[in-house]
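Below is one structure; the comments refer to it alone.
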Amino acid sequence: MAAGGFCKLPNGTVVVALNLPDDAAGVRVLVHAGNRARALTRLRNLGLRPIYLRGNTAPPTPDEITAVLHHPDGLIWRTAPADNGVLPPELWHPIRALLRRSAVVQQRISRR
């Protein structure tokens with residue numbers, strides 16, 4: 001289960017933010033969709049199957065909402081904040097970069 005949350009926008013759409021575990025450090029994924037179920041379905045269709053959102057413990061910040069609304073795909077990620085809440089100096093990436101990175105890691109594991 002991933003920590004995260006959502007924010008409903010005035011036009012009725014939602015922005016869902018999820019902290020997902022990764023090899024070295026976790027990643028924070030933002031999804032813009034019509035509702036929460038559609039946002040999670042978008043992630044599951046990309047191969048991130050065990051994604052569930054229970055509660056609203058880590059909703060998206062206003063800066064995160066602005067970032068995902070200005071991205072053409074409406075689906076972005078970056079390294080999750082550290083335990084002390086400090087964000088690494090990193091820009092948002094399109095989800096394709098995360099999936100490509102995961103594929104490279106899987107290839108390295110299978111070669112061993």
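Simple scheme: letters A, B, ... for chains in structure tokens order, numbers from 1 for residues in each chain, numbers from 1 for ligands in the order shown.
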**Message:** Excluding range 28-40 of chain A and its own-chain neighbours fewer than 3 positions away, which residues fall within 6 Å of it when counting only C-alpha atoms? Please give them as a PyMOL selection string.
**Reply:** chain A and resi 13-19+43+74-80
**Prompt:** Rounded to one decimal in Å, what is the spacing between CA of Gly55 in chain A and CA of Lys8 in chain A?
**Reply:**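 Atom-to-atom, CA of Gly55 in chain A to CA of Lys8 in chain A, that is 13.8 Å.
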